[in-house]
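For reference, run_8.pdb (PDB, C-alpha atoms, pLDDT in the B column):
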```pdb
ATOM      1  CA  MET Y1031      93.168-171.944   2.577  1.00 40.00           C
ATOM      2  CA  SER Y1032      91.449-175.327   2.512  1.00 41.00           C
ATOM      3  CA  VAL Y1033      88.525-176.306   4.739  1.00 46.00           C
ATOM      4  CA  GLY Y1034      90.846-178.618   6.649  1.00 49.00           C
ATOM      5  CA  GLU Y1035      93.334-175.822   7.257  1.00 48.00           C
ATOM      6  CA  PHE Y1036      90.554-173.562   8.511  1.00 48.00           C
ATOM      7  CA  ARG Y1037      89.371-176.211  10.948  1.00 58.00           C
ATOM      8  CA  GLN Y1038      92.838-176.517  12.375  1.00 59.00           C
ATOM      9  CA  ASP Y1039      93.704-172.828  12.602  1.00 77.00           C
ATOM     10  CA  GLY Y1040      90.524-170.755  12.429  1.00 92.00           C
ATOM     11  CA  LEU Y1041      90.110-170.481  16.207  1.00 98.00           C
ATOM     12  CA  LYS Y1042      93.758-170.758  17.189  1.00 97.00           C
ATOM     13  CA  GLY Y1043      94.438-168.713  20.316  1.00 97.00           C
ATOM     14  CA  ARG Y1044      90.743-168.614  21.279  1.00 98.00           C
ATOM     15  CA  THR Y1045      89.232-170.109  24.425  1.00 98.00           C
ATOM     16  CA  ALA Y1046      85.796-171.736  24.387  1.00 98.00           C
ATOM     17  CA  LEU Y1047      83.495-172.825  27.196  1.00 99.00           C
ATOM     18  CA  VAL Y1048      80.828-175.433  26.453  1.00 99.00           C
ATOM     19  CA  THR Y1049      78.183-176.247  29.072  1.00 98.00           C
ATOM     20  CA  GLY Y1050      76.671-179.709  29.121  1.00 98.00           C
ATOM     21  CA  GLY Y1051      79.854-180.743  27.354  1.00 98.00           C
ATOM     22  CA  ALA Y1052      80.178-184.268  28.725  1.00 98.00           C
ATOM     23  CA  SER Y1053      77.881-185.896  26.170  1.00 96.00           C
ATOM     24  CA  GLY Y1054      75.592-185.436  23.189  1.00 96.00           C
ATOM     25  CA  ILE Y1055      75.509-182.062  21.459  1.00 97.00           C
ATOM     26  CA  GLY Y1056      77.851-180.490  24.007  1.00 98.00           C
ATOM     27  CA  ALA Y1057      80.560-183.092  23.514  1.00 98.00           C
ATOM     28  CA  ALA Y1058      80.257-182.746  19.730  1.00 98.00           C
ATOM     29  CA  CYS Y1059      80.602-178.954  20.047  1.00 98.00           C
ATOM     30  CA  ALA Y1060      83.652-179.318  22.271  1.00 98.00           C
ATOM     31  CA  ARG Y1061      85.321-181.609  19.725  1.00 98.00           C
ATOM     32  CA  GLU Y1062      84.456-179.300  16.814  1.00 98.00           C
ATOM     33  CA  LEU Y1063      85.793-176.175  18.487  1.00 98.00           C
ATOM     34  CA  ALA Y1064      88.967-178.011  19.496  1.00 98.00           C
ATOM     35  CA  ALA Y1065      89.392-179.220  15.910  1.00 98.00           C
ATOM     36  CA  CYS Y1066      89.175-175.574  14.825  1.00 98.00           C
ATOM     37  CA  GLY Y1067      92.061-174.711  17.131  1.00 98.00           C
ATOM     38  CA  ALA Y1068      90.325-173.451  20.265  1.00 98.00           C
ATOM     39  CA  ARG Y1069      91.292-174.362  23.805  1.00 98.00           C
ATOM     40  CA  VAL Y1070      88.059-175.832  25.170  1.00 98.00           C
ATOM     41  CA  ILE Y1071      86.708-175.935  28.711  1.00 98.00           C
ATOM     42  CA  VAL Y1072      84.190-178.754  29.077  1.00 98.00           C
ATOM     43  CA  ALA Y1073      81.664-177.813  31.767  1.00 98.00           C
ATOM     44  CA  ASP Y1074      79.206-180.359  33.147  1.00 98.00           C
ATOM     45  CA  ILE Y1075      77.714-181.597  36.408  1.00 98.00           C
ATOM     46  CA  ASP Y1076      79.082-185.000  35.343  1.00 98.00           C
ATOM     47  CA  GLY Y1077      82.693-184.480  36.312  1.00 98.00           C
ATOM     48  CA  GLU Y1078      83.921-187.842  35.028  1.00 98.00           C
ATOM     49  CA  GLY Y1079      82.237-187.325  31.684  1.00 98.00           C
ATOM     50  CA  ALA Y1080      83.698-183.837  31.396  1.00 98.00           C
ATOM     51  CA  GLU Y1081      87.173-185.201  32.193  1.00 98.00           C
ATOM     52  CA  ARG Y1082      86.764-187.887  29.550  1.00 98.00           C
ATOM     53  CA  VAL Y1083      85.810-185.458  26.776  1.00 98.00           C
ATOM     54  CA  ALA Y1084      88.441-182.934  27.854  1.00 98.00           C
ATOM     55  CA  GLY Y1085      91.060-185.682  27.741  1.00 98.00           C
ATOM     56  CA  GLU Y1086      90.128-186.502  24.153  1.00 98.00           C
ATOM     57  CA  ILE Y1087      90.668-182.936  22.956  1.00 98.00           C
ATOM     58  CA  ASP Y1088      93.481-181.780  25.234  1.00 98.00           C
ATOM     59  CA  GLY Y1089      91.032-179.455  26.941  1.00 98.00           C
ATOM     60  CA  HIS Y1090      90.053-178.722  30.535  1.00 98.00           C
ATOM     61  CA  ALA Y1091      87.143-180.048  32.577  1.00 98.00           C
ATOM     62  CA  TRP Y1092      84.992-177.941  34.885  1.00 98.00           C
ATOM     63  CA  GLN Y1093      82.587-179.827  37.126  1.00 98.00           C
ATOM     64  CA  VAL Y1094      79.825-177.345  37.875  1.00 98.00           C
ATOM     65  CA  ASP Y1095      76.220-177.464  39.024  1.00 98.00           C
ATOM     66  CA  LEU Y1096      74.529-174.748  36.977  1.00 98.00           C
ATOM     67  CA  LEU Y1097      71.468-174.966  39.209  1.00 98.00           C
ATOM     68  CA  ASP Y1098      73.560-173.337  41.926  1.00 98.00           C
ATOM     69  CA  VAL Y1099      72.809-169.975  40.348  1.00 98.00           C
ATOM     70  CA  SER Y1100      73.900-167.946  43.369  1.00 97.00           C
ATOM     71  CA  ALA Y1101      77.457-169.203  42.824  1.00 97.00           C
ATOM     72  CA  LEU Y1102      77.357-167.907  39.246  1.00 98.00           C
ATOM     73  CA  GLU Y1103      76.413-164.364  40.261  1.00 98.00           C
ATOM     74  CA  THR Y1104      79.992-163.389  41.158  1.00 97.00           C
ATOM     75  CA  LEU Y1105      81.667-165.459  38.430  1.00 98.00           C
ATOM     76  CA  THR Y1106      84.211-163.908  36.065  1.00 98.00           C
ATOM     77  CA  LEU Y1107      84.930-165.672  32.786  1.00 98.00           C
ATOM     78  CA  THR Y1108      87.815-165.009  30.399  1.00 98.00           C
ATOM     79  CA  THR Y1109      86.445-167.091  27.557  1.00 98.00           C
ATOM     80  CA  ASP Y1110      86.211-165.874  23.961  1.00 98.00           C
ATOM     81  CA  ILE Y1111      83.438-168.264  22.935  1.00 99.00           C
ATOM     82  CA  LEU Y1112      80.548-169.326  25.164  1.00 99.00           C
ATOM     83  CA  VAL Y1113      78.269-172.190  24.131  1.00 99.00           C
ATOM     84  CA  ASN Y1114      75.189-172.371  26.368  1.00 98.00           C
ATOM     85  CA  ASN Y1115      74.100-175.947  25.772  1.00 98.00           C
ATOM     86  CA  ALA Y1116      73.151-177.586  29.098  1.00 97.00           C
ATOM     87  CA  GLY Y1117      69.518-178.612  29.271  1.00 95.00           C
ATOM     88  CA  VAL Y1118      66.993-181.216  30.384  1.00 92.00           C
ATOM     89  CA  GLN Y1119      63.491-182.264  29.368  1.00 89.00           C
ATOM     90  CA  THR Y1120      60.316-183.166  31.241  1.00 88.00           C
ATOM     91  CA  VAL Y1121      57.106-184.306  29.539  1.00 86.00           C
ATOM     92  CA  SER Y1122      53.957-183.690  31.582  1.00 90.00           C
ATOM     93  CA  PRO Y1123      50.531-182.053  31.237  1.00 92.00           C
ATOM     94  CA  LEU Y1124      50.409-178.519  32.604  1.00 96.00           C
ATOM     95  CA  VAL Y1125      48.004-179.444  35.399  1.00 97.00           C
ATOM     96  CA  GLU Y1126      50.414-182.138  36.598  1.00 96.00           C
ATOM     97  CA  PHE Y1127      53.690-180.273  36.001  1.00 96.00           C
ATOM     98  CA  ALA Y1128      55.566-179.965  39.297  1.00 98.00           C
ATOM     99  CA  PRO Y1129      56.198-176.267  40.040  1.00 98.00           C
ATOM    100  CA  GLU Y1130      59.650-176.949  41.458  1.00 98.00           C
ATOM    101  CA  ARG Y1131      60.625-178.830  38.290  1.00 98.00           C
ATOM    102  CA  PHE Y1132      59.373-175.922  36.178  1.00 98.00           C
ATOM    103  CA  ARG Y1133      61.483-173.472  38.189  1.00 98.00           C
ATOM    104  CA  SER Y1134      64.613-175.634  38.072  1.00 98.00           C
ATOM    105  CA  MET Y1135      64.381-176.079  34.305  1.00 97.00           C
ATOM    106  CA  LEU Y1136      64.122-172.336  33.773  1.00 98.00           C
ATOM    107  CA  ALA Y1137      67.049-171.810  36.148  1.00 98.00           C
ATOM    108  CA  LEU Y1138      69.197-174.239  34.142  1.00 98.00           C
ATOM    109  CA  MET Y1139      68.199-173.131  30.647  1.00 98.00           C
ATOM    110  CA  VAL Y1140      67.556-169.388  31.109  1.00 98.00           C
ATOM    111  CA  GLU Y1141      69.043-168.031  34.335  1.00 98.00           C
ATOM    112  CA  ALA Y1142      72.340-169.922  34.037  1.00 98.00           C
ATOM    113  CA  PRO Y1143      72.922-168.795  30.417  1.00 99.00           C
ATOM    114  CA  PHE Y1144      72.127-165.209  31.499  1.00 99.00           C
ATOM    115  CA  LEU Y1145      74.629-165.376  34.356  1.00 98.00           C
ATOM    116  CA  LEU Y1146      77.344-167.036  32.246  1.00 99.00           C
ATOM    117  CA  THR Y1147      76.849-164.484  29.473  1.00 99.00           C
ATOM    118  CA  ARG Y1148      76.975-161.693  32.056  1.00 98.00           C
ATOM    119  CA  ALA Y1149      80.216-163.154  33.408  1.00 98.00           C
ATOM    120  CA  ALA Y1150      81.806-163.485  29.960  1.00 98.00           C
ATOM    121  CA  LEU Y1151      80.901-160.150  28.370  1.00 98.00           C
ATOM    122  CA  PRO Y1152      83.402-157.858  30.185  1.00 98.00           C
ATOM    123  CA  HIS Y1153      86.358-159.877  28.832  1.00 98.00           C
ATOM    124  CA  MET Y1154      84.794-160.041  25.371  1.00 98.00           C
ATOM    125  CA  TYR Y1155      84.108-156.306  25.363  1.00 98.00           C
ATOM    126  CA  ALA Y1156      87.648-155.518  26.485  1.00 98.00           C
ATOM    127  CA  GLN Y1157      89.210-157.438  23.605  1.00 97.00           C
ATOM    128  CA  GLY Y1158      86.644-156.466  20.979  1.00 98.00           C
ATOM    129  CA  PHE Y1159      85.689-160.047  20.149  1.00 98.00           C
ATOM    130  CA  GLY Y1160      83.231-162.563  21.487  1.00 98.00           C
ATOM    131  CA  ARG Y1161      80.849-165.298  20.419  1.00 98.00           C
ATOM    132  CA  ILE Y1162      77.771-166.284  22.421  1.00 99.00           C
ATOM    133  CA  ILE Y1163      76.158-169.370  20.911  1.00 99.00           C
ATOM    134  CA  ASN Y1164      72.956-170.606  22.516  1.00 99.00           C
ATOM    135  CA  ILE Y1165      71.787-174.129  21.778  1.00 98.00           C
ATOM    136  CA  SER Y1166      68.080-173.497  21.573  1.00 98.00           C
ATOM    137  CA  SER Y1167      65.626-175.805  19.797  1.00 96.00           C
ATOM    138  CA  VAL Y1168      62.839-175.808  17.274  1.00 96.00           C
ATOM    139  CA  HIS Y1169      60.841-175.484  20.501  1.00 95.00           C
ATOM    140  CA  GLY Y1170      62.295-172.006  20.832  1.00 98.00           C
ATOM    141  CA  LEU Y1171      60.201-171.146  17.770  1.00 97.00           C
ATOM    142  CA  ARG Y1172      57.311-173.621  17.951  1.00 96.00           C
ATOM    143  CA  ALA Y1173      55.368-175.201  20.805  1.00 95.00           C
ATOM    144  CA  SER Y1174      54.488-178.801  21.594  1.00 89.00           C
ATOM    145  CA  ALA Y1175      51.987-180.022  24.140  1.00 89.00           C
ATOM    146  CA  PHE Y1176      53.217-181.406  27.475  1.00 88.00           C
ATOM    147  CA  LYS Y1177      56.559-179.561  27.358  1.00 92.00           C
ATOM    148  CA  ALA Y1178      55.644-176.347  29.187  1.00 96.00           C
ATOM    149  CA  ALA Y1179      58.972-175.719  30.925  1.00 97.00           C
ATOM    150  CA  TYR Y1180      61.175-176.652  27.962  1.00 95.00           C
ATOM    151  CA  VAL Y1181      59.210-174.566  25.449  1.00 97.00           C
ATOM    152  CA  THR Y1182      59.053-171.620  27.858  1.00 98.00           C
ATOM    153  CA  ALA Y1183      62.794-171.812  28.564  1.00 98.00           C
ATOM    154  CA  LYS Y1184      63.800-172.019  24.929  1.00 98.00           C
ATOM    155  CA  HIS Y1185      61.553-169.097  23.963  1.00 98.00           C
ATOM    156  CA  ALA Y1186      63.153-167.076  26.772  1.00 98.00           C
ATOM    157  CA  LEU Y1187      66.642-168.064  25.597  1.00 98.00           C
ATOM    158  CA  GLU Y1188      65.794-166.708  22.146  1.00 98.00           C
ATOM    159  CA  GLY Y1189      64.953-163.348  23.707  1.00 98.00           C
ATOM    160  CA  LEU Y1190      68.104-163.292  25.816  1.00 99.00           C
ATOM    161  CA  SER Y1191      70.181-164.068  22.744  1.00 99.00           C
ATOM    162  CA  LYS Y1192      68.692-161.173  20.777  1.00 98.00           C
ATOM    163  CA  VAL Y1193      69.210-158.671  23.604  1.00 99.00           C
ATOM    164  CA  THR Y1194      72.824-159.855  23.883  1.00 99.00           C
ATOM    165  CA  ALA Y1195      73.240-159.353  20.136  1.00 99.00           C
ATOM    166  CA  LEU Y1196      72.024-155.752  20.351  1.00 98.00           C
ATOM    167  CA  GLU Y1197      74.193-154.869  23.340  1.00 98.00           C
ATOM    168  CA  GLY Y1198      77.237-156.810  22.182  1.00 98.00           C
ATOM    169  CA  GLY Y1199      77.321-155.685  18.556  1.00 98.00           C
ATOM    170  CA  PRO Y1200      79.183-152.412  19.134  1.00 98.00           C
ATOM    171  CA  HIS Y1201      81.844-154.359  21.055  1.00 98.00           C
ATOM    172  CA  GLY Y1202      82.511-157.045  18.432  1.00 98.00           C
ATOM    173  CA  VAL Y1203      80.387-159.657  20.226  1.00 98.00           C
ATOM    174  CA  THR Y1204      77.833-161.713  18.343  1.00 98.00           C
ATOM    175  CA  SER Y1205      75.007-163.772  19.835  1.00 99.00           C
ATOM    176  CA  ASN Y1206      73.001-166.411  17.992  1.00 99.00           C
ATOM    177  CA  CYS Y1207      70.778-169.432  18.540  1.00 98.00           C
ATOM    178  CA  VAL Y1208      71.020-172.860  16.960  1.00 98.00           C
ATOM    179  CA  ASN Y1209      67.613-174.539  16.725  1.00 98.00           C
ATOM    180  CA  PRO Y1210      67.768-178.270  16.069  1.00 97.00           C
ATOM    181  CA  GLY Y1211      64.859-180.676  16.019  1.00 95.00           C
ATOM    182  CA  TYR Y1212      65.263-184.138  17.534  1.00 94.00           C
ATOM    183  CA  VAL Y1213      68.982-184.921  17.789  1.00 95.00           C
ATOM    184  CA  ARG Y1214      70.391-188.448  17.915  1.00 92.00           C
ATOM    185  CA  THR Y1215      71.688-188.649  21.474  1.00 87.00           C
ATOM    186  CA  PRO Y1216      71.669-191.574  23.944  1.00 78.00           C
ATOM    187  CA  LEU Y1217      68.609-190.069  25.628  1.00 75.00           C
ATOM    188  CA  VAL Y1218      66.659-189.891  22.354  1.00 82.00           C
ATOM    189  CA  ASP Y1219      67.794-193.376  21.321  1.00 83.00           C
ATOM    190  CA  LYS Y1220      66.368-194.728  24.569  1.00 79.00           C
ATOM    191  CA  GLN Y1221      63.093-192.920  23.947  1.00 76.00           C
ATOM    192  CA  ILE Y1222      62.886-194.498  20.495  1.00 85.00           C
ATOM    193  CA  ALA Y1223      63.466-197.991  21.876  1.00 82.00           C
ATOM    194  CA  ASP Y1224      60.922-197.488  24.656  1.00 77.00           C
ATOM    195  CA  GLN Y1225      58.292-196.163  22.244  1.00 77.00           C
ATOM    196  CA  ALA Y1226      58.884-199.039  19.826  1.00 81.00           C
ATOM    197  CA  ALA Y1227      58.331-201.557  22.616  1.00 82.00           C
ATOM    198  CA  ALA Y1228      55.258-199.736  23.929  1.00 77.00           C
ATOM    199  CA  HIS Y1229      53.577-199.427  20.520  1.00 79.00           C
ATOM    200  CA  GLY Y1230      54.708-202.754  19.094  1.00 89.00           C
ATOM    201  CA  ILE Y1231      56.329-201.144  16.052  1.00 90.00           C
ATOM    202  CA  ASP Y1232      59.899-200.987  14.820  1.00 91.00           C
ATOM    203  CA  GLU Y1233      62.197-198.128  15.722  1.00 88.00           C
ATOM    204  CA  ARG Y1234      62.166-196.644  12.227  1.00 88.00           C
ATOM    205  CA  GLU Y1235      58.396-196.241  12.449  1.00 89.00           C
ATOM    206  CA  VAL Y1236      58.758-194.500  15.808  1.00 85.00           C
ATOM    207  CA  VAL Y1237      61.128-191.962  14.260  1.00 87.00           C
ATOM    208  CA  GLU Y1238      58.978-191.307  11.188  1.00 86.00           C
ATOM    209  CA  ARG Y1239      55.434-191.568  12.561  1.00 84.00           C
ATOM    210  CA  ILE Y1240      55.762-190.268  16.126  1.00 82.00           C
ATOM    211  CA  MET Y1241      58.878-188.151  16.580  1.00 87.00           C
ATOM    212  CA  LEU Y1242      59.276-186.657  13.094  1.00 92.00           C
ATOM    213  CA  THR Y1243      55.680-186.482  11.958  1.00 90.00           C
ATOM    214  CA  ASP Y1244      55.996-182.777  10.996  1.00 91.00           C
ATOM    215  CA  ASN Y1245      59.412-183.092   9.363  1.00 94.00           C
ATOM    216  CA  ALA Y1246      59.946-182.961   5.615  1.00 95.00           C
ATOM    217  CA  ILE Y1247      63.135-185.008   6.105  1.00 95.00           C
ATOM    218  CA  LYS Y1248      62.392-188.055   8.233  1.00 92.00           C
ATOM    219  CA  GLU Y1249      65.816-188.280   9.842  1.00 92.00           C
ATOM    220  CA  LEU Y1250      67.213-187.346  13.239  1.00 94.00           C
ATOM    221  CA  VAL Y1251      69.739-184.539  13.432  1.00 97.00           C
ATOM    222  CA  GLU Y1252      73.239-185.772  14.231  1.00 97.00           C
ATOM    223  CA  PRO Y1253      75.216-184.047  17.017  1.00 98.00           C
ATOM    224  CA  ASP Y1254      78.127-183.417  14.632  1.00 98.00           C
ATOM    225  CA  GLU Y1255      75.776-181.498  12.322  1.00 98.00           C
ATOM    226  CA  VAL Y1256      74.810-179.157  15.145  1.00 98.00           C
ATOM    227  CA  ALA Y1257      78.464-178.798  16.107  1.00 98.00           C
ATOM    228  CA  SER Y1258      79.485-177.872  12.562  1.00 98.00           C
ATOM    229  CA  LEU Y1259      77.117-174.902  12.654  1.00 98.00           C
ATOM    230  CA  VAL Y1260      78.441-173.898  16.074  1.00 98.00           C
ATOM    231  CA  GLY Y1261      81.984-174.000  14.703  1.00 98.00           C
ATOM    232  CA  TRP Y1262      81.037-171.712  11.840  1.00 98.00           C
ATOM    233  CA  LEU Y1263      79.202-169.249  14.114  1.00 98.00           C
ATOM    234  CA  ALA Y1264      82.328-169.061  16.278  1.00 98.00           C
ATOM    235  CA  SER Y1265      84.527-168.230  13.311  1.00 97.00           C
ATOM    236  CA  ASP Y1266      85.469-164.942  11.674  1.00 96.00           C
ATOM    237  CA  HIS Y1267      83.303-165.955   8.706  1.00 96.00           C
ATOM    238  CA  ALA Y1268      80.230-165.269  10.863  1.00 98.00           C
ATOM    239  CA  ARG Y1269      81.327-161.757  11.847  1.00 97.00           C
ATOM    240  CA  MET Y1270      78.127-160.176  10.536  1.00 98.00           C
ATOM    241  CA  VAL Y1271      75.770-162.883  11.806  1.00 98.00           C
ATOM    242  CA  THR Y1272      74.110-161.872  15.056  1.00 98.00           C
ATOM    243  CA  GLY Y1273      70.646-161.938  16.607  1.00 98.00           C
ATOM    244  CA  ALA Y1274      69.796-164.883  14.364  1.00 98.00           C
ATOM    245  CA  SER Y1275      68.151-168.263  14.976  1.00 98.00           C
ATOM    246  CA  TYR Y1276      69.345-171.073  12.718  1.00 98.00           C
ATOM    247  CA  THR Y1277      66.903-173.945  12.333  1.00 98.00           C
ATOM    248  CA  MET Y1278      68.233-177.443  11.733  1.00 97.00           C
ATOM    249  CA  ASP Y1279      64.978-179.332  11.964  1.00 96.00           C
ATOM    250  CA  GLY Y1280      64.380-181.166   8.693  1.00 96.00           C
ATOM    251  CA  GLY Y1281      61.648-178.705   7.723  1.00 97.00           C
ATOM    252  CA  TRP Y1282      59.586-178.983  10.925  1.00 94.00           C
ATOM    253  CA  SER Y1283      59.288-175.208  11.382  1.00 95.00           C
ATOM    254  CA  ALA Y1284      58.543-174.618   7.703  1.00 95.00           C
ATOM    255  CA  ARG Y1285      54.898-175.573   8.326  1.00 90.00           C
TER     256      ARG Y1285
END
```
Could you spell out this file's structure in structure tokens?
Amino acid sequence: MSVGEFRQDGLKGRTALVTGGASGIGAACARELAACGARVIVADIDGEGAERVAGEIDGHAWQVDLLDVSALETLTLTTDILVNNAGVQTVSPLVEFAPERFRSMLALMVEAPFLLTRAALPHMYAQGFGRIINISSVHGLRASAFKAAYVTAKHALEGLSKVTALEGGPHGVTSNCVNPGYVRTPLVDKQIADQAAAHGIDEREVVERIMLTDNAIKELVEPDEVASLVGWLASDHARMVTGASYTMDGGWSAR
């Protein structure tokens, strides 16, 4: 079987749910899983964006506010593959970090993945197959100043993923984290442009000197690169891969 044939048929008959699927990494993951044959549900608070991506891949859109955690407590999911991707960032010193913002970020990036995983596991257990794929970050393994909520949330997600791996293993369910560095998304592109203007340097210098100072490879990660790893983790080829954290950070965490 060729690589192309695997992409088309490897996940045929499987259903995948991708949160934060309307743009960036989530949209790339939705497209990759669809290309591998899965029926994809694109979940996002941005309903129009979710509809747009779902329309591209013959999938389904689910407009959902994952901060409404009480609504997730009674949820039942019949998905075979769950990609917990939705997330946000706030940069602020600890002494100025708004407590409500800290709580909401942990709700979105820790509590919501817990509740979605909890909702998906009974179906996965019943059929003896499941894939939980958590889009973490190099910040799930390393810290940076001024990112208290994000670093805390991603470290917590790593722990949740490992517990899920231990409990899910006997039932054919794997759970893993993908840990990219800076990924080329519209949000990051805007940050690069803003930093270039503020510092009076070109955008390439911003990437190399400010954003990727600890990287061995001075390049941003592309969303499709993250998605390719997600596609593999969802496949039968990754049957024995669980409780792992896969860095895709250009060597940042090697230091």
Give, as AutoDock Vina command-line options, the centre coordinates and the x, y and z edge lengths in Å to one decimal for an axis-aligned box around all listed atoms of region 1090-1102 of chain Y, padded by 8 Å on each side.
```
--center_x 80.8 --center_y -174.0 --center_z 37.0 --size_x 34.6 --size_y 28.1 --size_z 28.8
```
Residues in the PyMOL selection byres ((chain Y and resi 1202-1217) around 8), expressed as a PDB file with C-alpha atoms, in the frame of the given file:
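The result, written out as out-v8.pdb:
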```
ATOM      1  CA  GLY Y1054      75.592-185.436  23.189  1.00 96.00           C
ATOM      2  CA  ILE Y1055      75.509-182.062  21.459  1.00 97.00           C
ATOM      3  CA  MET Y1154      84.794-160.041  25.371  1.00 98.00           C
ATOM      4  CA  TYR Y1155      84.108-156.306  25.363  1.00 98.00           C
ATOM      5  CA  GLY Y1158      86.644-156.466  20.979  1.00 98.00           C
ATOM      6  CA  PHE Y1159      85.689-160.047  20.149  1.00 98.00           C
ATOM      7  CA  GLY Y1160      83.231-162.563  21.487  1.00 98.00           C
ATOM      8  CA  ARG Y1161      80.849-165.298  20.419  1.00 98.00           C
ATOM      9  CA  ILE Y1162      77.771-166.284  22.421  1.00 99.00           C
ATOM     10  CA  ILE Y1163      76.158-169.370  20.911  1.00 99.00           C
ATOM     11  CA  ASN Y1164      72.956-170.606  22.516  1.00 99.00           C
ATOM     12  CA  ILE Y1165      71.787-174.129  21.778  1.00 98.00           C
ATOM     13  CA  SER Y1166      68.080-173.497  21.573  1.00 98.00           C
ATOM     14  CA  SER Y1167      65.626-175.805  19.797  1.00 96.00           C
ATOM     15  CA  VAL Y1168      62.839-175.808  17.274  1.00 96.00           C
ATOM     16  CA  HIS Y1169      60.841-175.484  20.501  1.00 95.00           C
ATOM     17  CA  GLY Y1170      62.295-172.006  20.832  1.00 98.00           C
ATOM     18  CA  GLU Y1188      65.794-166.708  22.146  1.00 98.00           C
ATOM     19  CA  SER Y1191      70.181-164.068  22.744  1.00 99.00           C
ATOM     20  CA  LYS Y1192      68.692-161.173  20.777  1.00 98.00           C
ATOM     21  CA  THR Y1194      72.824-159.855  23.883  1.00 99.00           C
ATOM     22  CA  ALA Y1195      73.240-159.353  20.136  1.00 99.00           C
ATOM     23  CA  GLY Y1198      77.237-156.810  22.182  1.00 98.00           C
ATOM     24  CA  GLY Y1199      77.321-155.685  18.556  1.00 98.00           C
ATOM     25  CA  PRO Y1200      79.183-152.412  19.134  1.00 98.00           C
ATOM     26  CA  HIS Y1201      81.844-154.359  21.055  1.00 98.00           C
ATOM     27  CA  VAL Y1218      66.659-189.891  22.354  1.00 82.00           C
ATOM     28  CA  ASP Y1219      67.794-193.376  21.321  1.00 83.00           C
ATOM     29  CA  LYS Y1220      66.368-194.728  24.569  1.00 79.00           C
ATOM     30  CA  GLN Y1221      63.093-192.920  23.947  1.00 76.00           C
ATOM     31  CA  MET Y1241      58.878-188.151  16.580  1.00 87.00           C
ATOM     32  CA  LEU Y1242      59.276-186.657  13.094  1.00 92.00           C
ATOM     33  CA  LEU Y1250      67.213-187.346  13.239  1.00 94.00           C
ATOM     34  CA  VAL Y1251      69.739-184.539  13.432  1.00 97.00           C
ATOM     35  CA  GLU Y1252      73.239-185.772  14.231  1.00 97.00           C
ATOM     36  CA  PRO Y1253      75.216-184.047  17.017  1.00 98.00           C
ATOM     37  CA  VAL Y1256      74.810-179.157  15.145  1.00 98.00           C
ATOM     38  CA  LEU Y1259      77.117-174.902  12.654  1.00 98.00           C
ATOM     39  CA  VAL Y1260      78.441-173.898  16.074  1.00 98.00           C
ATOM     40  CA  LEU Y1263      79.202-169.249  14.114  1.00 98.00           C
ATOM     41  CA  ARG Y1269      81.327-161.757  11.847  1.00 97.00           C
ATOM     42  CA  MET Y1270      78.127-160.176  10.536  1.00 98.00           C
ATOM     43  CA  VAL Y1271      75.770-162.883  11.806  1.00 98.00           C
ATOM     44  CA  THR Y1272      74.110-161.872  15.056  1.00 98.00           C
ATOM     45  CA  GLY Y1273      70.646-161.938  16.607  1.00 98.00           C
ATOM     46  CA  ALA Y1274      69.796-164.883  14.364  1.00 98.00           C
ATOM     47  CA  SER Y1275      68.151-168.263  14.976  1.00 98.00           C
ATOM     48  CA  TYR Y1276      69.345-171.073  12.718  1.00 98.00           C
ATOM     49  CA  THR Y1277      66.903-173.945  12.333  1.00 98.00           C
ATOM     50  CA  MET Y1278      68.233-177.443  11.733  1.00 97.00           C
ATOM     51  CA  ASP Y1279      64.978-179.332  11.964  1.00 96.00           C
ATOM     52  CA  GLY Y1280      64.380-181.166   8.693  1.00 96.00           C
ATOM     53  CA  TRP Y1282      59.586-178.983  10.925  1.00 94.00           C
TER      54      TRP Y1282
END
```
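Residue nearest Asp1266 (chain Y), chosen from Y:Glu1078, Y:Ser1283, Y:Ile1111, Y:His1090 and counting all atoms listed in the file: Y:Ile1111.
Compared by their closest atoms to Leu1096 (chain Y), and using all atoms listed in the file, the residues Y:Val1140, Y:Val1181, Y:Arg1044, Y:Cys1066 rank with Y:Val1140 nearest.
Of the listed residues (Y:Ala1068, Y:Ala1060, Y:Val1121, Y:Met1139), Y:Ala1068 comes nearest to Gly1043 (chain Y); the distances count only C-alpha atoms.
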(message) List the spatial neighbours of Arg1148 (chain Y) as a VMD selection string - criterion: any atom at most 10 Å away, all atoms listed in the file, same-chain residues fewer than 3 positions off excluded.
(response) chain Y and resid 1102 to 1107 1142 to 1145 1151 to 1152 1194
(request) Tell me, in Å to one decimal, how far CA of Ala1268 (chain Y) is from CA of Leu1171 (chain Y). (result) 22.0 Å
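Here CA of Tyr1180 (chain Y) is placed at a distance of 7.3 Å from CA of Thr1120 (chain Y).
Ranking Y:Gly1189, Y:Gly1040, Y:Gly1051, Y:Gly1117 by their shortest atom-to-atom distance to Gln1093 (chain Y), with all atoms listed in the file included, puts Y:Gly1051 first.
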(request) Between Y:Ser1134, Y:Gln1157, Y:Ser1122, Y:Gln1225, single out the one closest to Thr1109 (chain Y), counting only C-alpha atoms. (result) Y:Gln1157
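One distance worth recording is that between CA of Ala1064 (chain Y) and CA of Leu1146 (chain Y), which is 20.4 Å.
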